[in-house]
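Source file: final.tsv. Holds: TSV, C-alpha atoms.
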chain	number	residue	atom	x	y	z
A	1	MET	CA	118.33	65.70	122.87
A	2	ASN	CA	116.48	64.70	126.04
A	3	GLY	CA	112.95	65.36	127.29
A	4	ALA	CA	109.92	66.23	125.19
A	5	ILE	CA	108.95	69.09	122.94
A	6	THR	CA	106.74	71.73	124.58
A	7	SER	CA	104.79	74.64	123.12
A	8	GLY	CA	107.60	76.86	124.35
A	9	HIS	CA	109.90	75.35	121.73
A	10	GLY	CA	107.72	77.07	119.12
A	11	SER	CA	107.64	80.47	120.81
A	12	GLY	CA	110.38	82.09	118.77
A	13	GLY	CA	112.20	82.89	122.00
A	14	ARG	CA	114.95	81.26	124.03
A	15	LEU	CA	113.68	77.66	123.79
A	16	THR	CA	113.20	77.95	120.02
A	17	GLN	CA	116.73	79.28	119.68
A	18	GLN	CA	118.13	76.36	121.70
A	19	LEU	CA	116.12	73.79	119.73
A	20	THR	CA	117.22	75.26	116.40
A	21	ARG	CA	120.85	75.19	117.41
A	22	GLN	CA	120.53	71.56	118.51
A	23	ILE	CA	119.03	70.62	115.14
A	24	LEU	CA	121.67	72.53	113.19
A	25	GLU	CA	124.48	70.85	115.11
A	26	HIS	CA	123.63	67.64	113.24
A	27	PHE	CA	124.17	69.38	109.91
A	28	GLN	CA	127.39	70.98	111.10
A	29	ILE	CA	128.79	67.56	112.05
A	30	GLN	CA	127.63	66.11	108.75
A	31	ALA	CA	129.37	68.88	106.80
A	32	GLN	CA	132.60	68.31	108.69
A	33	VAL	CA	132.52	64.57	107.93
A	34	GLN	CA	131.87	65.22	104.25
A	35	ALA	CA	134.57	67.86	104.04
A	36	GLN	CA	137.05	65.37	105.43
A	37	GLY	CA	136.00	62.80	102.86
A	38	GLY	CA	135.01	60.46	105.66
A	39	GLY	CA	131.61	59.37	104.37
A	40	THR	CA	128.39	60.79	103.11
A	41	ARG	CA	126.42	60.91	106.36
A	42	SER	CA	127.04	61.85	109.94
A	43	ALA	CA	127.45	58.96	112.33
A	44	LYS	CA	124.96	60.72	114.64
A	45	ASN	CA	122.02	61.08	112.25
A	46	ASP	CA	120.61	60.36	108.83
A	47	LEU	CA	119.72	63.89	107.75
A	48	THR	CA	120.32	64.21	104.05
A	49	SER	CA	119.85	67.84	103.06
A	50	LEU	CA	123.38	68.09	101.73
A	51	PRO	CA	124.54	66.40	98.52
A	52	GLU	CA	125.45	62.74	98.95
A	53	THR	CA	128.62	62.99	96.93
A	54	PRO	CA	129.88	66.58	96.92
A	55	ASN	CA	133.05	67.38	95.05
A	56	ALA	CA	136.05	68.90	96.81
A	57	ASP	CA	134.94	72.49	96.25
A	58	GLU	CA	131.39	71.77	97.44
A	59	ARG	CA	132.70	70.05	100.54
A	60	SER	CA	134.88	73.04	101.30
A	61	ASP	CA	131.95	75.45	100.78
A	62	SER	CA	129.70	73.40	103.08
A	63	GLN	CA	132.29	73.26	105.82
A	64	GLU	CA	132.99	76.98	105.52
A	65	PHE	CA	129.29	77.84	105.80
A	66	PHE	CA	128.60	75.62	108.79
A	67	GLN	CA	131.59	77.08	110.60
A	68	SER	CA	130.78	80.65	109.61
A	69	GLN	CA	129.51	83.44	111.82
A	70	GLU	CA	126.35	83.61	109.67
A	71	PHE	CA	125.48	80.02	110.57
A	72	PHE	CA	125.47	80.76	114.28
A	73	GLN	CA	123.73	84.11	113.92
A	74	MET	CA	120.81	82.35	112.23
A	75	GLU	CA	119.70	85.25	110.05
A	76	ASP	CA	116.28	85.30	108.37
A	77	CYS	CA	117.54	83.83	105.08
A	78	ALA	CA	120.68	82.23	103.69
A	79	PHE	CA	122.72	83.30	100.68
A	80	ILE	CA	123.43	80.55	98.19
A	81	GLY	CA	125.82	81.02	95.33
A	82	GLY	CA	126.61	84.73	95.43
A	83	ASP	CA	123.63	87.09	95.50
A	84	MET	CA	120.85	84.49	95.48
A	85	ALA	CA	119.13	83.90	98.81
A	86	ILE	CA	116.57	81.44	100.15
A	87	SER	CA	114.16	81.33	103.08
A	88	MET	CA	111.67	78.73	104.33
A	89	ASP	CA	108.81	78.88	106.81
A	90	GLY	CA	105.88	76.74	108.00
A	91	PHE	CA	102.45	78.16	108.84
A	92	THR	CA	100.01	76.62	111.32
A	93	VAL	CA	98.15	79.79	112.29
A	94	PHE	CA	94.91	79.50	114.29
A	95	PRO	CA	92.35	80.66	113.42
A	96	PRO	CA	93.29	80.42	109.72
A	97	ASP	CA	91.08	83.47	109.02
A	98	PHE	CA	91.88	86.54	111.08
A	99	PRO	CA	91.24	90.29	110.80
A	100	GLY	CA	93.55	91.58	108.10
A	101	GLY	CA	94.44	88.27	106.48
A	102	ASP	CA	94.39	84.50	106.39
A	103	ILE	CA	96.81	81.59	106.25
A	104	GLY	CA	97.30	81.95	102.48
A	105	LYS	CA	98.33	85.60	102.59
A	106	LEU	CA	100.44	85.00	105.69
A	107	ALA	CA	102.34	82.12	104.07
A	108	VAL	CA	103.48	84.29	101.15
A	109	CYS	CA	104.26	87.38	103.24
A	110	GLY	CA	106.17	85.43	105.88
A	111	SER	CA	108.74	83.88	103.58
A	112	ALA	CA	109.01	86.89	101.26
A	113	ASN	CA	109.61	89.25	104.18
A	114	ASP	CA	112.48	87.08	105.43
A	115	LEU	CA	114.23	87.89	102.14
A	116	ALA	CA	113.21	91.57	102.06
A	117	VAL	CA	114.81	92.39	105.41
A	118	ARG	CA	118.16	91.17	104.08
A	119	GLY	CA	118.00	93.37	100.99
A	120	VAL	CA	116.84	90.53	98.75
A	121	GLU	CA	114.02	90.98	96.22
A	122	PRO	CA	111.60	88.02	96.46
A	123	LEU	CA	111.27	86.45	93.00
A	124	PHE	CA	110.22	82.79	93.32
A	125	LEU	CA	108.11	80.77	95.72
A	126	THR	CA	107.42	77.11	96.45
A	127	LEU	CA	104.32	76.03	98.35
A	128	SER	CA	103.67	72.79	100.23
A	129	LEU	CA	100.22	71.91	101.59
A	130	ILE	CA	99.35	69.44	104.36
A	131	ILE	CA	95.56	69.13	104.20
A	132	GLU	CA	93.39	67.34	106.72
A	133	GLU	CA	90.78	65.01	105.28
A	134	GLY	CA	87.36	66.69	105.37
A	135	LEU	CA	88.45	70.25	104.66
A	136	ASP	CA	85.88	72.01	102.47
A	137	LEU	CA	87.27	72.49	98.96
A	138	ALA	CA	85.72	75.96	98.77
A	139	VAL	CA	87.66	76.95	101.88
A	140	LEU	CA	90.88	75.62	100.38
A	141	ASP	CA	90.17	77.56	97.17
A	142	ARG	CA	89.74	80.75	99.15
A	143	TYR	CA	93.09	80.38	100.92
A	144	MET	CA	94.88	79.53	97.68
A	145	GLU	CA	93.38	82.56	95.92
A	146	SER	CA	94.52	84.72	98.80
A	147	ALA	CA	98.05	83.32	98.51
A	148	ALA	CA	98.03	83.78	94.73
A	149	ARG	CA	96.75	87.37	94.99
A	150	THR	CA	99.50	88.24	97.48
A	151	ALA	CA	102.15	86.66	95.25
A	152	ARG	CA	100.84	88.63	92.25
A	153	GLU	CA	101.01	91.86	94.23
A	154	GLY	CA	104.64	91.11	95.04
A	155	ARG	CA	105.44	89.88	91.52
A	156	ILE	CA	106.54	86.58	93.01
A	157	ALA	CA	106.24	83.50	90.78
A	158	LEU	CA	105.09	80.14	92.14
A	159	VAL	CA	107.55	77.63	90.66
A	160	ALA	CA	107.08	74.37	92.61
A	161	GLY	CA	104.88	72.76	95.21
A	162	ASP	CA	103.62	69.65	96.94
A	163	THR	CA	100.30	68.42	98.34
A	164	LYS	CA	99.70	65.86	101.07
A	165	VAL	CA	96.38	64.78	102.58
A	166	VAL	CA	96.38	63.28	106.08
A	167	PRO	CA	93.54	61.47	107.92
A	168	HIS	CA	90.98	63.45	109.90
A	169	GLY	CA	92.47	64.36	113.28
A	170	ALA	CA	96.10	64.14	112.13
A	171	ALA	CA	96.31	67.90	111.50
A	172	ASP	CA	94.21	71.00	112.07
A	173	LYS	CA	92.57	71.57	108.65
A	174	LEU	CA	95.54	73.05	106.80
A	175	PHE	CA	99.25	73.61	107.28
A	176	LEU	CA	101.30	75.47	104.66
A	177	THR	CA	105.05	75.61	104.07
A	178	THR	CA	106.59	78.16	101.74
A	179	CYS	CA	110.11	78.62	100.45
A	180	ALA	CA	111.07	81.95	98.89
A	181	LEU	CA	114.03	82.57	96.58
A	182	GLY	CA	115.35	85.94	95.50
A	183	LYS	CA	118.29	88.09	94.47
A	184	ARG	CA	120.19	90.57	96.62
A	185	ILE	CA	119.70	94.20	95.61
A	186	SER	CA	121.44	95.87	98.54
A	187	HIS	CA	124.97	97.18	98.15
A	188	GLN	CA	126.18	94.99	100.99
A	189	VAL	CA	124.97	91.89	102.82
A	190	LEU	CA	122.68	93.13	105.59
A	191	GLN	CA	123.47	91.18	108.73
A	192	THR	CA	123.69	91.55	112.48
A	193	SER	CA	127.50	91.55	112.46
A	194	ASN	CA	127.35	94.96	110.71
A	195	LEU	CA	126.04	96.63	113.89
A	196	ARG	CA	128.26	99.34	115.35
A	197	GLU	CA	128.16	101.43	118.53
A	198	GLY	CA	126.02	104.50	117.93
A	199	ASP	CA	123.82	102.95	115.25
A	200	VAL	CA	120.24	104.20	115.33
A	201	LEU	CA	117.26	101.82	115.50
A	202	ILE	CA	114.17	102.61	113.42
A	203	LEU	CA	110.90	100.72	113.88
A	204	SER	CA	108.65	100.81	110.81
A	205	THR	CA	105.29	100.83	112.63
A	206	SER	CA	103.61	99.99	115.94
A	207	PRO	CA	104.47	96.47	117.12
A	208	GLY	CA	102.25	93.55	118.05
A	209	ARG	CA	99.21	94.04	115.81
A	210	HIS	CA	99.32	90.53	114.32
A	211	GLY	CA	99.58	88.81	117.69
A	212	ALA	CA	96.92	91.02	119.25
A	213	ALA	CA	94.52	90.48	116.33
A	214	LEU	CA	94.98	86.69	116.65
A	215	ALA	CA	94.48	86.85	120.40
A	216	ALA	CA	91.30	88.91	120.06
A	217	ALA	CA	89.89	86.54	117.44
A	218	ARG	CA	90.84	83.45	119.42
A	219	PHE	CA	89.39	84.62	122.72
A	220	GLY	CA	86.32	86.42	121.32
A	221	LEU	CA	87.35	89.93	122.41
A	222	GLU	CA	85.62	92.97	120.90
A	223	ALA	CA	88.26	94.93	118.99
A	224	PRO	CA	86.53	96.20	115.82
A	225	ASN	CA	89.42	98.41	114.66
A	226	LEU	CA	92.18	95.90	115.33
A	227	VAL	CA	93.60	94.13	112.25
A	228	SER	CA	96.81	92.23	111.68
A	229	ASP	CA	99.65	94.14	110.04
A	230	CYS	CA	100.28	91.13	107.75
A	231	ALA	CA	101.79	92.61	104.55
A	232	LEU	CA	104.62	92.36	102.05
A	233	LEU	CA	107.51	94.49	103.30
A	234	TRP	CA	109.59	94.68	100.13
A	235	PRO	CA	107.93	97.84	98.67
A	236	ALA	CA	108.47	99.70	101.94
A	237	LEU	CA	112.03	98.52	102.60
A	238	LYS	CA	113.49	98.65	99.08
A	239	PRO	CA	114.09	102.45	99.12
A	240	LEU	CA	116.27	102.04	102.23
A	241	LEU	CA	118.71	99.92	100.24
A	242	ASP	CA	120.02	103.09	98.57
A	243	PHE	CA	121.67	103.97	101.87
A	244	LEU	CA	125.16	102.54	102.20
A	245	GLU	CA	124.91	103.24	105.92
A	246	LEU	CA	122.07	100.72	106.40
A	247	ARG	CA	123.45	97.97	108.69
A	248	CYS	CA	120.73	95.33	109.03
A	249	MET	CA	116.97	94.78	109.25
A	250	ARG	CA	114.65	92.17	110.76
A	251	ASP	CA	110.89	91.59	110.71
A	252	CYS	CA	109.42	91.27	114.19
A	253	THR	CA	107.53	87.97	113.86
A	254	ARG	CA	107.49	85.26	116.56
A	255	GLY	CA	108.75	86.73	119.82
A	256	GLY	CA	108.08	90.25	118.57
A	257	LEU	CA	110.25	93.33	118.82
A	258	GLY	CA	111.68	92.30	122.19
A	259	THR	CA	113.13	89.07	120.83
A	260	VAL	CA	114.69	90.77	117.78
A	261	LEU	CA	116.42	93.31	120.04
A	262	CYS	CA	117.77	90.54	122.28
A	263	GLU	CA	119.03	88.52	119.32
A	264	TRP	CA	120.83	91.56	117.90
A	265	ALA	CA	122.43	92.42	121.23
A	266	GLU	CA	123.60	88.86	121.86
A	267	ALA	CA	124.86	88.27	118.31
A	268	SER	CA	126.78	91.55	118.14
A	269	SER	CA	128.03	91.55	121.77
A	270	LEU	CA	126.89	95.17	121.96
A	271	GLY	CA	124.30	96.78	124.19
A	272	ILE	CA	120.97	98.19	123.00
A	273	GLU	CA	118.91	100.91	124.62
A	274	ILE	CA	115.39	101.81	123.54
A	275	VAL	CA	112.95	104.45	124.76
A	276	GLU	CA	109.42	103.27	125.58
A	277	THR	CA	107.76	106.58	124.70
A	278	GLU	CA	109.32	106.58	121.22
A	279	ILE	CA	107.70	103.26	120.25
A	280	SER	CA	104.43	103.86	118.40
A	281	SER	CA	101.59	102.20	120.25
A	282	ASN	CA	98.20	101.02	119.07
A	283	ARG	CA	95.29	101.56	121.46
A	284	GLU	CA	93.55	98.30	120.50
A	285	VAL	CA	96.77	96.30	120.89
A	286	GLU	CA	97.34	97.73	124.34
A	287	SER	CA	93.72	97.03	125.33
A	288	VAL	CA	94.07	93.37	124.33
A	289	CYS	CA	97.35	93.16	126.24
A	290	ASP	CA	95.76	94.69	129.35
A	291	ILE	CA	92.88	92.19	129.28
A	292	LEU	CA	95.00	89.09	128.63
A	293	GLY	CA	98.12	90.08	130.57
A	294	LEU	CA	100.33	90.20	127.48
A	295	ASP	CA	103.23	92.53	126.62
A	296	SER	CA	103.07	94.14	123.17
A	297	LEU	CA	106.88	94.15	123.09
A	298	TYR	CA	106.77	90.37	122.56
A	299	LEU	CA	103.65	90.04	120.42
A	300	ALA	CA	104.17	89.01	116.80
A	301	SER	CA	104.10	91.46	113.92
A	302	GLU	CA	103.89	90.35	110.29
A	303	GLY	CA	104.37	93.74	108.63
A	304	CYS	CA	106.70	95.52	111.02
A	305	ALA	CA	110.49	95.72	110.62
A	306	LEU	CA	113.37	96.98	112.72
A	307	ALA	CA	116.25	98.67	110.89
A	308	ALA	CA	119.66	99.76	112.11
A	309	VAL	CA	121.44	102.61	110.34
A	310	ALA	CA	124.45	104.83	110.97
A	311	PRO	CA	123.42	107.95	112.93
A	312	GLU	CA	124.34	110.47	110.21
A	313	ARG	CA	121.70	109.07	107.82
A	314	SER	CA	119.03	108.01	110.31
A	315	GLU	CA	116.68	111.01	109.91
A	316	GLU	CA	116.80	110.70	106.13
A	317	CYS	CA	116.07	106.96	106.34
A	318	LEU	CA	113.12	107.70	108.61
A	319	ARG	CA	111.68	110.19	106.14
A	320	VAL	CA	112.05	107.74	103.28
A	321	LEU	CA	110.38	104.95	105.26
A	322	ARG	CA	107.43	107.15	106.27
A	323	ARG	CA	106.57	107.75	102.61
A	324	ASN	CA	105.13	104.24	102.45
A	325	PRO	CA	101.59	103.96	103.91
A	326	LEU	CA	102.62	100.88	105.92
A	327	CYS	CA	105.27	102.94	107.72
A	328	ARG	CA	103.54	106.23	108.50
A	329	ASP	CA	104.12	105.57	112.22
A	330	ALA	CA	107.82	104.77	111.81
A	331	SER	CA	109.99	106.16	114.59
A	332	ILE	CA	113.51	106.13	116.00
A	333	ILE	CA	113.25	103.98	119.11
A	334	GLY	CA	116.83	103.69	120.37
A	335	ARG	CA	120.50	103.12	119.74
A	336	VAL	CA	123.27	100.55	119.87
A	337	VAL	CA	125.56	101.29	122.80
A	338	ALA	CA	128.86	100.03	124.16
A	339	GLY	CA	127.55	99.54	127.69
A	340	HIS	CA	125.96	96.33	129.03
A	341	PRO	CA	127.12	94.20	126.03
A	342	GLY	CA	124.69	91.51	124.95
A	343	MET	CA	121.78	93.06	126.85
A	344	VAL	CA	118.80	95.29	126.07
A	345	GLY	CA	117.52	98.08	128.29
A	346	MET	CA	114.37	100.17	127.86
A	347	ARG	CA	113.91	103.66	129.30
A	348	THR	CA	110.40	103.52	130.73
A	349	ARG	CA	107.73	106.20	130.77
A	350	ILE	CA	108.54	107.01	134.40
A	351	GLY	CA	112.28	107.32	133.80
A	352	GLY	CA	113.46	103.88	134.93
A	353	LEU	CA	115.55	101.39	132.97
A	354	ARG	CA	113.79	98.07	132.34
A	355	TYR	CA	115.74	94.96	131.40
A	356	VAL	CA	114.35	93.43	128.22
A	357	ASP	CA	114.95	89.69	128.14
A	358	MET	CA	114.14	87.09	125.51
A	359	PRO	CA	110.93	85.16	126.38
A	360	ALA	CA	111.65	81.63	127.60
A	361	GLY	CA	108.21	80.11	127.04
A	362	GLU	CA	105.25	80.40	124.73
A	363	ILE	CA	103.30	83.67	124.85
A	364	LEU	CA	100.66	82.94	122.24
A	365	PRO	CA	101.01	79.70	120.23
A	366	ARG	CA	100.19	79.25	116.55
A	367	ILE	CA	100.39	82.87	115.47
A	368	CYS	CA	102.12	82.06	112.17
Could you quickly redo this structure as structure tokens?
Amino acid sequence: MNGAITSGHGSGGRLTQQLTRQILEHFQIQAQVQAQGGGTRSAKNDLTSLPETPNADERSDSQEFFQSQEFFQMEDCAFIGGDMAISMDGFTVFPPDFPGGDIGKLAVCGSANDLAVRGVEPLFLTLSLIIEEGLDLAVLDRYMESAARTAREGRIALVAGDTKVVPHGAADKLFLTTCALGKRISHQVLQTSNLREGDVLILSTSPGRHGAALAAARFGLEAPNLVSDCALLWPALKPLLDFLELRCMRDCTRGGLGTVLCEWAEASSLGIEIVETEISSNREVESVCDILGLDSLYLASEGCALAAVAPERSEECLRVLRRNPLCRDASIIGRVVAGHPGMVGMRTRIGGLRYVDMPAGEILPRIC
């Protein structure tokens, strides 16, 4: 890798995708070397996440995974050993307290939701803390109670953790990293490669509330009714798993709805068309976007999911989703199409077709 890391590399958009692929290439090379019995580490790096001395079967499994379609699609979580799945996420959100949540609640929801959208029930959680020297213990207690309360609500057990304290100025008060582990409940593995022409796209609620709430808090904007949508998605999404026609789901976090749509189109080599007027909008979100020059299509959501389902069951799926209070504003926003493969188009309010591209730079840093 050349150059230096920029804030755009953390945007969740194009630069993040490129950086992630560059990092994962090291592990792919390492797996190939191990599978060939040619040593325990890649000649290009010293990353050691894989076993030092895998047996023949383990080497074969590693090589198969790193060459698989799933590896390059970079789904929200990875399946390990059959139906068990794992997800990991770091949280540096600023400010750590925001309308509708805080860094503790966000850290549990973020990792658990990455499992939920793949049809996996979150069961276990690990939590790592990087604490800056000088942080008030009462503040830390409050964030940990928030995380614990959220885990209790989701019946997720904390099973391991780690704590590090760094000198004042080496971090910004508190960074959290969570790893969630769960078991697949869905009839099939939900993944982008399941997408088919004609599939219907259902959005669970209005997009961008988390990003807009963070922006309003950060820039001191008056938005008394605007709160983050930060929430556990499993209770809302679990009933959809009864539908065999459910193709895939994704939570619209960094990069927002627009980035998820682009990733699906590119990974499936199919086109996607959405209708602007069918996307539920939030007046406060749009006001914040108007003031700051943001686009709600790319603002982060932490309790909003996109689902793709076969057309013959889409209306029934929508009704089921709307039964959950989090998803009362759920709507069908578009379809998967054969035209313009790998690209996303949006029918605008005035009848035009807008090209929806993946953001290249940072829109609003430190939102998760």
Problem set entry | Residue list as an MDAnalysis selection string for point (123.2, 98.3, 96.3), cut-off 8 Å, only C-alpha atoms | chainID A and resid 185:188 241:242 244
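A straight line drawn from CA of Pro224 in chain A to CA of Arg209 in chain A is 12.9 Å long.
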Exercise. So how many Å separate CA of Phe243 in chain A and CA of Ile272 in chain A, to one decimal?
Worked result: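 According to the coordinates, CA of Phe243 in chain A and CA of Ile272 in chain A are separated by 21.9 Å.
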Problem set entry | Residues near Ala215 in chain A, cut-off 10 Å, all atoms listed in the file, skip fewer than 2 positions along chain, as a VMD selection string | chain A and resid 94 to 95 98 209 to 213 217 to 221 285 288 to 289 292 294 299 364 to 365 367
For the residues in the current selection, export C-alpha atoms as a PDB file, keeping the file's coordinate frame.
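Final file, again02.pdb:
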ATOM      1  CA  PHE A  94      94.910  79.500 114.290  1.00  0.00           C
ATOM      2  CA  PRO A  95      92.350  80.660 113.420  1.00  0.00           C
ATOM      3  CA  PHE A  98      91.880  86.540 111.080  1.00  0.00           C
ATOM      4  CA  ARG A 209      99.210  94.040 115.810  1.00  0.00           C
ATOM      5  CA  HIS A 210      99.320  90.530 114.320  1.00  0.00           C
ATOM      6  CA  GLY A 211      99.580  88.810 117.690  1.00  0.00           C
ATOM      7  CA  ALA A 212      96.920  91.020 119.250  1.00  0.00           C
ATOM      8  CA  ALA A 213      94.520  90.480 116.330  1.00  0.00           C
ATOM      9  CA  ALA A 217      89.890  86.540 117.440  1.00  0.00           C
ATOM     10  CA  ARG A 218      90.840  83.450 119.420  1.00  0.00           C
ATOM     11  CA  PHE A 219      89.390  84.620 122.720  1.00  0.00           C
ATOM     12  CA  GLY A 220      86.320  86.420 121.320  1.00  0.00           C
ATOM     13  CA  LEU A 221      87.350  89.930 122.410  1.00  0.00           C
ATOM     14  CA  VAL A 285      96.770  96.300 120.890  1.00  0.00           C
ATOM     15  CA  VAL A 288      94.070  93.370 124.330  1.00  0.00           C
ATOM     16  CA  CYS A 289      97.350  93.160 126.240  1.00  0.00           C
ATOM     17  CA  LEU A 292      95.000  89.090 128.630  1.00  0.00           C
ATOM     18  CA  LEU A 294     100.330  90.200 127.480  1.00  0.00           C
ATOM     19  CA  LEU A 299     103.650  90.040 120.420  1.00  0.00           C
ATOM     20  CA  LEU A 364     100.660  82.940 122.240  1.00  0.00           C
ATOM     21  CA  PRO A 365     101.010  79.700 120.230  1.00  0.00           C
ATOM     22  CA  ILE A 367     100.390  82.870 115.470  1.00  0.00           C
TER      23      ILE A 367
END
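You can rank A:Ala267, A:Ala307, A:Cys317, A:Leu214 by their closest distance to Gly119 in chain A using only C-alpha atoms, and at the top of that list sits A:Ala307.
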Problem set entry | From A:Ser193, A:Glu284, A:Leu246, A:Glu276, residue lying nearest Ile350 in chain A [all atoms listed in the file] |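 Closest residue, counting all atoms listed in the file: A:Glu276.
Here CA of Ala338 in chain A stands at a distance of 11.2 Å from CA of Leu195 in chain A.
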Exercise. Which of these residues is nearest to Gly334 in chain A, using only C-alpha atoms: A:Leu158, A:Val320, A:Ala265, A:Val200?
Worked result: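 Closest to Gly334 in chain A of all the choices is A:Val200.
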Exercise. Hey, what's within 9 Å of Glu245 in chain A if we count all atoms listed in the file and toss same-chain stuff fewer than 3 positions away? As an MDAnalysis selection string, please?
Worked result: chainID A and resid 242 308:314
Problem set entry | Distance criterion (only C-alpha atoms): nearest to Leu233 in chain A out of A:Arg349, A:Arg335, A:Arg184, A:Arg118 |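 Between A:Arg349, A:Arg335, A:Arg184, A:Arg118, the residue approaching Leu233 in chain A most closely is A:Arg118.
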Problem set entry | Non-local contacts of range 249-258 of chain A (6 Å; all atoms listed in the file; under 3 positions in same chain excluded) as a PyMOL selection string | chain A and resi 12-13+117+261+297-302+304-307
